[in-house]
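So this one's final-v5.txt, compact mmCIF, C-alpha atoms and all ligand atoms:
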# COMPACT_ATOMS: atom_id res chain seq x y z
CA MET A 75 -18.49 0.87 -23.46
CA PRO A 76 -16.67 4.07 -24.41
CA PRO A 77 -16.35 4.70 -28.15
CA PRO A 78 -13.14 3.16 -29.53
CA ARG A 79 -10.43 5.77 -30.06
CA ASP A 80 -10.78 5.80 -33.88
CA VAL A 81 -14.55 6.28 -33.62
CA LEU A 82 -14.13 9.13 -31.13
CA LEU A 83 -11.53 10.80 -33.39
CA SER A 84 -13.67 10.54 -36.52
CA GLU A 85 -16.94 11.59 -34.80
CA ALA A 86 -15.17 14.53 -33.16
CA ARG A 87 -14.39 15.92 -36.64
CA GLU A 88 -18.08 16.52 -37.28
CA VAL A 89 -19.36 18.05 -34.04
CA ASP A 90 -19.61 21.47 -32.38
CA GLY A 91 -19.65 20.13 -28.83
CA LEU A 92 -18.55 17.03 -26.94
CA ILE A 93 -20.01 15.64 -23.75
CA THR A 94 -17.26 13.42 -22.41
CA LEU A 95 -16.88 10.80 -19.72
CA LEU A 96 -13.63 10.24 -17.90
CA THR A 97 -12.97 7.31 -20.23
CA ASP A 98 -12.78 9.69 -23.24
CA ARG A 99 -9.38 11.25 -23.82
CA VAL A 100 -9.46 14.73 -25.30
CA ASP A 101 -5.91 15.53 -26.42
CA GLU A 102 -3.97 17.28 -29.20
CA PRO A 103 -4.55 14.58 -31.84
CA LEU A 104 -8.31 14.71 -31.22
CA LEU A 105 -8.42 18.50 -31.18
CA ASP A 106 -6.30 18.76 -34.36
CA GLY A 107 -9.02 16.95 -36.27
CA ALA A 108 -12.00 18.58 -34.55
CA HIS A 109 -12.20 21.79 -36.54
CA ARG A 110 -15.76 22.68 -35.56
CA LEU A 111 -15.38 21.97 -31.86
CA ARG A 112 -16.48 24.85 -29.60
CA ALA A 113 -17.30 23.10 -26.33
CA VAL A 114 -16.08 20.19 -24.20
CA SER A 115 -18.22 19.20 -21.24
CA ASN A 116 -16.94 16.50 -18.91
CA VAL A 117 -19.47 14.56 -16.81
CA ALA A 118 -17.10 14.45 -13.82
CA VAL A 119 -15.43 16.82 -11.41
CA GLY A 120 -11.99 15.50 -12.37
CA TYR A 121 -10.76 16.41 -15.86
CA ASP A 122 -7.38 14.70 -16.12
CA ASN A 123 -8.72 13.01 -19.28
CA ILE A 124 -8.71 16.41 -20.99
CA ASP A 125 -5.72 18.44 -22.16
CA VAL A 126 -7.12 21.73 -20.87
CA ALA A 127 -4.14 23.80 -22.08
CA ALA A 128 -4.64 22.47 -25.61
CA CYS A 129 -8.36 23.34 -25.43
CA THR A 130 -7.59 26.84 -24.12
CA ALA A 131 -5.07 27.41 -26.93
CA ARG A 132 -7.92 26.69 -29.37
CA ARG A 133 -10.35 28.86 -27.37
CA ILE A 134 -12.51 25.85 -26.48
CA PRO A 135 -14.19 26.12 -23.06
CA VAL A 136 -14.07 23.01 -20.87
CA GLY A 137 -16.78 22.32 -18.31
CA ASN A 138 -16.86 19.96 -15.33
CA THR A 139 -19.33 19.05 -12.56
CA PRO A 140 -18.06 20.19 -9.15
CA GLY A 141 -20.21 20.74 -6.08
CA VAL A 142 -23.13 18.43 -6.86
CA LEU A 143 -21.12 15.28 -6.19
CA THR A 144 -19.20 16.43 -3.10
CA GLU A 145 -21.36 14.89 -0.36
CA THR A 146 -22.16 11.74 -2.34
CA THR A 147 -18.47 11.10 -3.00
CA ALA A 148 -17.53 11.72 0.63
CA ASP A 149 -20.32 9.34 1.73
CA PHE A 150 -18.74 6.62 -0.37
CA ALA A 151 -15.19 7.39 0.73
CA PHE A 152 -16.39 7.05 4.31
CA ALA A 153 -18.27 3.86 3.45
CA LEU A 154 -15.02 2.43 2.05
CA LEU A 155 -13.13 3.52 5.16
CA MET A 156 -15.69 1.85 7.43
CA GLY A 157 -15.99 -1.19 5.19
CA LEU A 158 -12.25 -1.72 5.16
CA ALA A 159 -11.81 -1.08 8.89
CA ARG A 160 -14.62 -3.46 9.85
CA ARG A 161 -14.18 -5.97 7.01
CA VAL A 162 -17.77 -5.68 5.78
CA ALA A 163 -17.20 -7.29 2.38
CA GLU A 164 -15.17 -10.15 3.89
CA ALA A 165 -17.94 -10.72 6.47
CA ASP A 166 -20.58 -10.91 3.77
CA THR A 167 -18.51 -13.38 1.75
CA TYR A 168 -17.89 -15.44 4.91
CA VAL A 169 -21.59 -15.75 5.72
CA ARG A 170 -22.69 -16.45 2.14
CA ALA A 171 -20.00 -19.13 1.78
CA GLY A 172 -21.64 -20.99 4.68
CA ARG A 173 -18.55 -20.70 6.82
CA TRP A 174 -20.29 -19.18 9.86
CA ARG A 175 -20.56 -21.84 12.58
CA THR A 176 -20.77 -19.99 15.87
CA TRP A 177 -20.14 -16.65 17.58
CA GLU A 178 -16.43 -16.38 18.22
CA PRO A 179 -14.57 -13.67 20.13
CA GLY A 180 -11.80 -13.60 17.56
CA LEU A 181 -13.84 -13.73 14.36
CA LEU A 182 -13.13 -11.12 11.66
CA LEU A 183 -11.54 -8.63 14.00
CA GLY A 184 -11.11 -5.18 12.55
CA THR A 185 -9.76 -1.75 13.35
CA ASP A 186 -11.52 0.95 15.37
CA VAL A 187 -12.49 4.07 13.50
CA TYR A 188 -13.50 5.98 16.62
CA GLY A 189 -10.44 7.70 18.06
CA ALA A 190 -8.18 6.82 15.12
CA THR A 191 -6.14 9.37 13.17
CA LEU A 192 -7.24 10.18 9.64
CA GLY A 193 -4.80 11.78 7.20
CA LEU A 194 -6.50 13.66 4.39
CA VAL A 195 -4.44 14.19 1.26
CA GLY A 196 -6.11 17.21 -0.31
CA LEU A 197 -8.61 19.46 1.39
CA GLY A 198 -10.85 20.65 -1.38
CA ALA A 199 -14.62 20.31 -1.20
CA ILE A 200 -14.59 16.50 -1.02
CA GLY A 201 -11.72 16.37 1.48
CA ALA A 202 -13.58 18.85 3.70
CA ALA A 203 -16.80 16.79 3.44
CA MET A 204 -14.79 13.72 4.43
CA ALA A 205 -13.41 15.66 7.42
CA ARG A 206 -16.96 16.49 8.59
CA ARG A 207 -17.88 12.81 8.55
CA ALA A 208 -14.66 11.82 10.33
CA ARG A 209 -15.29 14.40 13.01
CA GLY A 210 -18.69 12.86 13.67
CA PHE A 211 -16.89 9.57 14.27
CA GLY A 212 -14.49 11.09 16.80
CA MET A 213 -11.40 10.85 14.62
CA ARG A 214 -8.30 13.01 14.93
CA ILE A 215 -7.78 14.64 11.54
CA LEU A 216 -4.55 15.71 9.84
CA TYR A 217 -4.30 17.13 6.35
CA VAL A 218 -1.87 18.12 3.66
CA ASN A 219 -2.99 20.67 1.12
CA ARG A 220 -1.28 23.24 -1.09
CA ARG A 221 -2.89 26.05 0.88
CA ALA A 222 -3.76 26.20 4.55
CA ARG A 223 -7.47 26.21 5.42
CA PRO A 224 -7.64 28.02 8.80
CA ASP A 225 -11.44 28.26 8.39
CA LEU A 226 -11.78 24.47 8.30
CA GLU A 227 -9.11 24.00 10.98
CA ALA A 228 -11.24 26.12 13.32
CA GLU A 229 -14.56 24.58 12.27
CA LEU A 230 -13.49 20.94 12.33
CA GLY A 231 -10.39 20.82 14.51
CA LEU A 232 -8.09 19.78 11.68
CA THR A 233 -4.31 20.07 11.82
CA ARG A 234 -2.22 20.90 8.76
CA VAL A 235 0.98 18.85 8.70
CA ASP A 236 3.74 18.02 6.24
CA LYS A 237 3.68 14.87 4.17
CA ALA A 238 6.11 12.98 6.42
CA THR A 239 4.03 13.66 9.54
CA LEU A 240 0.81 12.68 7.83
CA LEU A 241 2.30 9.38 6.68
CA ALA A 242 3.91 8.62 10.06
CA GLU A 243 0.87 9.41 12.21
CA SER A 244 -2.22 8.39 10.24
CA ASP A 245 -4.09 5.16 10.90
CA PHE A 246 -6.13 5.90 7.77
CA VAL A 247 -4.95 7.86 4.74
CA SER A 248 -7.64 9.07 2.34
CA LEU A 249 -6.83 10.66 -1.03
CA HIS A 250 -8.79 13.70 -2.26
CA VAL A 251 -6.48 15.38 -4.78
CA PRO A 252 -6.99 15.72 -8.52
CA LEU A 253 -4.56 13.79 -10.73
CA SER A 254 -1.83 16.09 -12.04
CA ALA A 255 1.91 15.96 -12.67
CA GLU A 256 2.42 16.86 -9.00
CA THR A 257 0.09 14.21 -7.59
CA ARG A 258 0.93 11.29 -9.92
CA HIS A 259 2.43 8.52 -7.73
CA TRP A 260 2.11 10.76 -4.66
CA LEU A 261 2.18 7.49 -2.75
CA GLY A 262 5.12 5.39 -3.88
CA ARG A 263 7.52 2.88 -2.33
CA ALA A 264 9.18 5.42 -0.01
CA GLU A 265 5.83 6.79 1.15
CA PHE A 266 4.36 3.38 1.90
CA ALA A 267 7.47 2.54 3.92
CA ALA A 268 6.98 5.78 5.86
CA MET A 269 3.38 4.93 6.74
CA LYS A 270 2.41 3.58 10.10
CA PRO A 271 2.53 -0.24 10.16
CA GLY A 272 -0.99 -1.56 9.65
CA ALA A 273 -2.33 1.72 8.24
CA LEU A 274 -5.30 1.61 5.87
CA LEU A 275 -5.51 3.47 2.56
CA VAL A 276 -8.69 4.80 0.95
CA ASN A 277 -8.57 6.03 -2.66
CA THR A 278 -11.60 7.69 -4.24
CA ALA A 279 -9.46 10.19 -6.20
CA ARG A 280 -7.64 8.75 -9.22
CA GLY A 281 -5.77 5.47 -9.55
CA PRO A 282 -2.42 6.93 -10.68
CA VAL A 283 -2.13 9.08 -7.52
CA VAL A 284 -0.88 5.76 -6.12
CA ASP A 285 2.06 3.80 -7.54
CA GLN A 286 0.12 0.59 -7.75
CA ALA A 287 3.14 -1.73 -7.94
CA ALA A 288 4.42 -0.18 -4.70
CA LEU A 289 0.94 -0.56 -3.17
CA VAL A 290 0.86 -4.27 -3.99
CA GLU A 291 4.32 -4.67 -2.40
CA ALA A 292 3.28 -2.80 0.74
CA LEU A 293 0.15 -4.91 1.06
CA SER A 294 1.73 -8.28 0.38
CA GLY A 295 4.72 -7.47 2.58
CA GLY A 296 2.30 -6.83 5.42
CA HIS A 297 3.43 -3.28 6.20
CA LEU A 298 0.17 -1.75 5.01
CA GLY A 299 -2.95 -3.05 6.74
CA GLY A 300 -5.24 -2.76 3.75
CA ALA A 301 -6.58 -0.61 0.94
CA ALA A 302 -10.05 0.36 -0.24
CA LEU A 303 -9.92 1.42 -3.86
CA ASP A 304 -12.73 2.96 -5.86
CA VAL A 305 -10.16 3.91 -8.48
CA THR A 306 -7.25 1.93 -9.87
CA ASP A 307 -4.63 2.11 -12.60
CA PRO A 308 -5.82 0.95 -15.07
CA GLU A 309 -9.61 0.77 -14.90
CA PRO A 310 -10.93 -1.83 -14.95
CA LEU A 311 -8.21 -3.85 -13.24
CA PRO A 312 -6.90 -6.78 -15.29
CA SER A 313 -8.22 -10.07 -13.92
CA ASP A 314 -4.69 -11.19 -13.01
CA SER A 315 -3.95 -8.09 -10.92
CA PRO A 316 -2.64 -9.10 -7.46
CA LEU A 317 -5.16 -6.62 -6.02
CA MET A 318 -7.91 -9.02 -7.12
CA THR A 319 -6.71 -11.75 -4.76
CA LEU A 320 -5.29 -9.91 -1.74
CA PRO A 321 -7.76 -10.37 1.12
CA ASN A 322 -7.14 -6.99 2.74
CA VAL A 323 -8.25 -5.06 -0.33
CA LEU A 324 -11.76 -3.69 -0.86
CA LEU A 325 -12.52 -2.88 -4.48
CA ALA A 326 -15.24 -0.83 -6.16
CA PRO A 327 -15.74 0.09 -9.83
CA HIS A 328 -15.29 3.89 -9.66
CA ILE A 329 -18.76 4.59 -8.22
CA ALA A 330 -18.15 7.17 -5.48
CA SER A 331 -20.50 9.72 -7.07
CA ALA A 332 -23.01 7.09 -8.14
CA SER A 333 -26.25 7.97 -6.38
CA HIS A 334 -29.44 8.37 -8.41
CA ALA A 335 -29.78 12.03 -7.45
CA THR A 336 -26.16 12.99 -7.97
CA ARG A 337 -25.71 11.33 -11.33
CA GLY A 338 -28.86 13.17 -12.47
CA ARG A 339 -27.45 16.50 -11.28
CA MET A 340 -24.10 15.81 -12.95
CA ALA A 341 -25.88 15.11 -16.24
CA SER A 342 -27.91 18.35 -16.04
CA MET A 343 -24.85 20.38 -15.15
CA ALA A 344 -22.91 18.90 -18.06
CA VAL A 345 -25.73 19.86 -20.45
CA GLU A 346 -25.88 23.41 -19.03
CA ASN A 347 -22.12 23.76 -19.44
CA LEU A 348 -22.31 22.51 -23.02
CA LEU A 349 -25.21 24.76 -24.06
CA ALA A 350 -23.59 27.84 -22.52
CA ALA A 351 -20.34 27.24 -24.39
CA LEU A 352 -22.15 26.61 -27.68
CA GLU A 353 -23.99 29.92 -27.21
CA GLY A 354 -20.70 31.71 -26.58
CA ARG A 355 -21.42 32.17 -22.89
CA LYS A 356 -19.13 31.13 -20.05
CA PRO A 357 -20.17 27.67 -18.84
CA PRO A 358 -21.48 27.82 -15.24
CA HIS A 359 -18.61 25.48 -14.26
CA CYS A 360 -15.67 26.22 -16.50
CA VAL A 361 -12.12 25.00 -15.84
CA ASN A 362 -10.55 27.52 -18.25
CA PRO A 363 -12.48 30.70 -17.34
CA GLU A 364 -9.62 32.84 -18.67
CA LEU A 365 -11.35 32.43 -22.06
CA PHE A 366 -14.07 34.77 -20.73
CA PRO A 367 -12.26 37.82 -19.34
C1 LIG B 401 -15.32 11.04 -10.99
O1 LIG B 401 -14.33 10.39 -10.80
C2 LIG B 401 -15.30 12.46 -11.14
O2 LIG B 401 -14.21 13.04 -11.30
O3 LIG B 401 -16.38 13.07 -11.11
C1 LIG B 402 -22.23 -9.09 20.78
O1 LIG B 402 -23.14 -9.33 20.03
C2 LIG B 402 -22.42 -8.77 22.19
O2 LIG B 402 -23.57 -8.86 22.67
O3 LIG B 402 -21.40 -8.43 22.80

Once you've parsed the file, please lay out its structure as C-alpha cells.
Ligand code: GLV
Ligand code: GLV
Amino acid sequence: MPPPRDVLLSEAREVDGLITLLTDRVDEPLLDGAHRLRAVSNVAVGYDNIDVAACTARRIPVGNTPGVLTETTADFAFALLMGLARRVAEADTYVRAGRWRTWEPGLLLGTDVYGATLGLVGLGAIGAAMARRARGFGMRILYVNRRARPDLEAELGLTRVDKATLLAESDFVSLHVPLSAETRHWLGRAEFAAMKPGALLVNTARGPVVDQAALVEALSGGHLGGAALDVTDPEPLPSDSPLMTLPNVLLAPHIASASHATRGRMASMAVENLLAALEGRKPPHCVNPELFP
C-alpha cells in the first residue's frame, strides 16, 4: 500500500530525494515541508501526480520513465482491444462456470478487428506503437494529436482528423494522452453521444481522461459497445461501481507496463534519474529540463 498521506508528508521533511509511484501525490503542501528535497523521481512515464511547476519553482528536478515502457504498454493496450472485441474474459468465465454445452454458431459473438477503424487519441510514443500493431491487423487508423506527425502518417498510413471525425468514424477509440487540464474528461457525455453506435473504448492512459459517470451511462444505455479499462477514476474502483457489473466492460488493475523486463528497466531508470539529480546533474529523463540551461 502507498504510505498514508501524513506519513508521506512527515517522511518527506527528512529526505534529499523521493522515488515516487503514481499513487504518491507531490504537491505544494508536501513541498512546503520538504526543506531538504533536491530530487523527485517518478517510477512512471505519466507524472500527473506531481505538481511539476511547484517543483520547478523550488529548483527540484523531476524525473520520469519514458521509452522503456512504450512497447510493453502498447502490447497491453492491444491485448485489451482484442480481448474486448473477442470477449476473451467473458469466454473464460463462461467455460469455467461450466456453462459450455456444445458448439453454437451464435455463441459469444464479437467484433472484427481486421478492417475496423481505430481512432487514436494522442500520438506520442505509445500511440505510435499502438498504430504499428493496428496496422499489422489491417486496421484503418485515424488520430488526433496536438501536432501533426507526417512522418508516421507516411510510415503507417495514418490520417489526422478532428475530434468530431474521430468520434464519428472509429469502431475502436484508444486513449494515449497524458492527463492534464486539457485532457481531463476529454470523453464526456457529448463525446460518447457522438461516437459510432456500438464503438469500443480502450483506456490505458489515465482514468480521469474519461468522465466515468458519462461512460457508465453510454454503456448502460447501449450506445457504446463496450470498454476495456486499465485505468479508472478512482483506482481501485469501489466495489459498488456499476463498471464492476456491466458485462461489456473488461477491467485491469493499471498493469499496462507490467512485464518483468519493463518494470526492471523502469526501476533502474528511476534510480539513475534520482542519483543524477542528487549529484546536481540533469536527470537522463527530466520533465523540467529548464532547470539545467
Ligand atoms: C503508468 O501509468 C505510467 O505512467 O508509467
Ligand atoms: C470452427 O471451429 C470451425 O471449424 O469453423

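Among the candidates A:Ala165, A:Ala159, A:Ala255, A:Cys129, the one nearest to Thr185 in chain A when counting all atoms listed in the file is A:Ala159.
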
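Residues with any atom within 6 Å of range 322-331 of chain A, counting only C-alpha atoms and excluding same-chain neighbours fewer than 2 positions away, are Leu143, Thr146, Thr147, Phe150, Gly300, Ala301, Ala302, Leu303, Asp304, Val305 and Leu320 of chain A.
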
With the cut-off set at 7 Å and counting only C-alpha atoms and all ligand atoms, tabulate each residue of chain A with an atom at most that distance from an atom of ligand LIG 401 (chain B), showing the nearest atom pair and its distance in Å to one decimal, ordered by chain and increasing number, as a Markdown table.
| residue | atom | partner | partner_atom | distance |
| --- | --- | --- | --- | --- |
| A:Val117 | CA | B:LIG401 | O3 | 6.7 |
| A:Ala118 | CA | B:LIG401 | O3 | 3.1 |
| A:Val119 | CA | B:LIG401 | O3 | 3.9 |
| A:Gly120 | CA | B:LIG401 | O2 | 3.5 |
| A:Tyr121 | CA | B:LIG401 | O2 | 6.6 |
| A:Thr139 | CA | B:LIG401 | O3 | 6.8 |
| A:Ala279 | CA | B:LIG401 | O1 | 6.7 |
| A:His328 | CA | B:LIG401 | O1 | 6.7 |
| A:Ser331 | CA | B:LIG401 | C1 | 6.6 |

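Residues of protein, DNA and RNA with at least one atom no farther than 6 Å from (-6.0, 20.6, 3.6) are, using only C-alpha atoms, Gly196, Leu197, Tyr217, Val218 and Asn219 of chain A.
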
### Task
Report as a list of chain:residue names which protein, DNA and RNA residues come within 10 Å of ligand LIG 402 (chain B), using all atoms listed in the file.
A:Trp177, A:Glu178, A:Pro179

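When all atoms listed in the file are used to compute distances to Pro282 in chain A, the closest of the residues A:Asp166, A:Glu102, A:Asp122, A:Glu229 turns out to be A:Asp122.
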
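Shortest separation to Val187 in chain A among A:Ala273, A:Ala267, A:Ala199, A:Leu349 occurs at residue A:Ala273, atoms counted being all atoms listed in the file.
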
If you count all atoms listed in the file, which residues fall within 9 Å of Gly201 in chain A, apart from same-chain ones fewer than 6 positions away, as a short mmCIF file (atom, residue, chain, number, x, y, z; two decimals) with C-alpha atoms, keeping the file's coordinate frame?
data_model
loop_
_atom_site.label_atom_id
_atom_site.label_comp_id
_atom_site.auth_asym_id
_atom_site.auth_seq_id
_atom_site.Cartn_x
_atom_site.Cartn_y
_atom_site.Cartn_z
CA THR A 144 -19.20 16.43 -3.10
CA ALA A 148 -17.53 11.72 0.63
CA LEU A 194 -6.50 13.66 4.39
CA VAL A 195 -4.44 14.19 1.26
CA TYR A 217 -4.30 17.13 6.35
CA SER A 248 -7.64 9.07 2.34
CA LEU A 249 -6.83 10.66 -1.03
CA HIS A 250 -8.79 13.70 -2.26
CA VAL A 251 -6.48 15.38 -4.78
#

### Message
With only C-alpha atoms as the counted atoms, please give the residues lying no more than 12 Å from Pro77 in chain A, apart from itself and same-chain residues fewer than 3 positions off, as a PyMOL selection string.
### Response
chain A and resi 80-86+94-99

Produce a file of the selected residues containing C-alpha atoms, as a compact mmCIF listing (two decimals), in the coordinates of the input.
# COMPACT_ATOMS: atom_id res chain seq x y z
CA ASP A 80 -10.78 5.80 -33.88
CA VAL A 81 -14.55 6.28 -33.62
CA LEU A 82 -14.13 9.13 -31.13
CA LEU A 83 -11.53 10.80 -33.39
CA SER A 84 -13.67 10.54 -36.52
CA GLU A 85 -16.94 11.59 -34.80
CA ALA A 86 -15.17 14.53 -33.16
CA THR A 94 -17.26 13.42 -22.41
CA LEU A 95 -16.88 10.80 -19.72
CA LEU A 96 -13.63 10.24 -17.90
CA THR A 97 -12.97 7.31 -20.23
CA ASP A 98 -12.78 9.69 -23.24
CA ARG A 99 -9.38 11.25 -23.82

### Query
So how far away is CA of Arg339 in chain A from CA of Ser115 in chain A, in Å?
13.8 Å

## Note on the structure
CA of Leu275 in chain A sits from CA of Leu311 in chain A at a separation of 17.6 Å
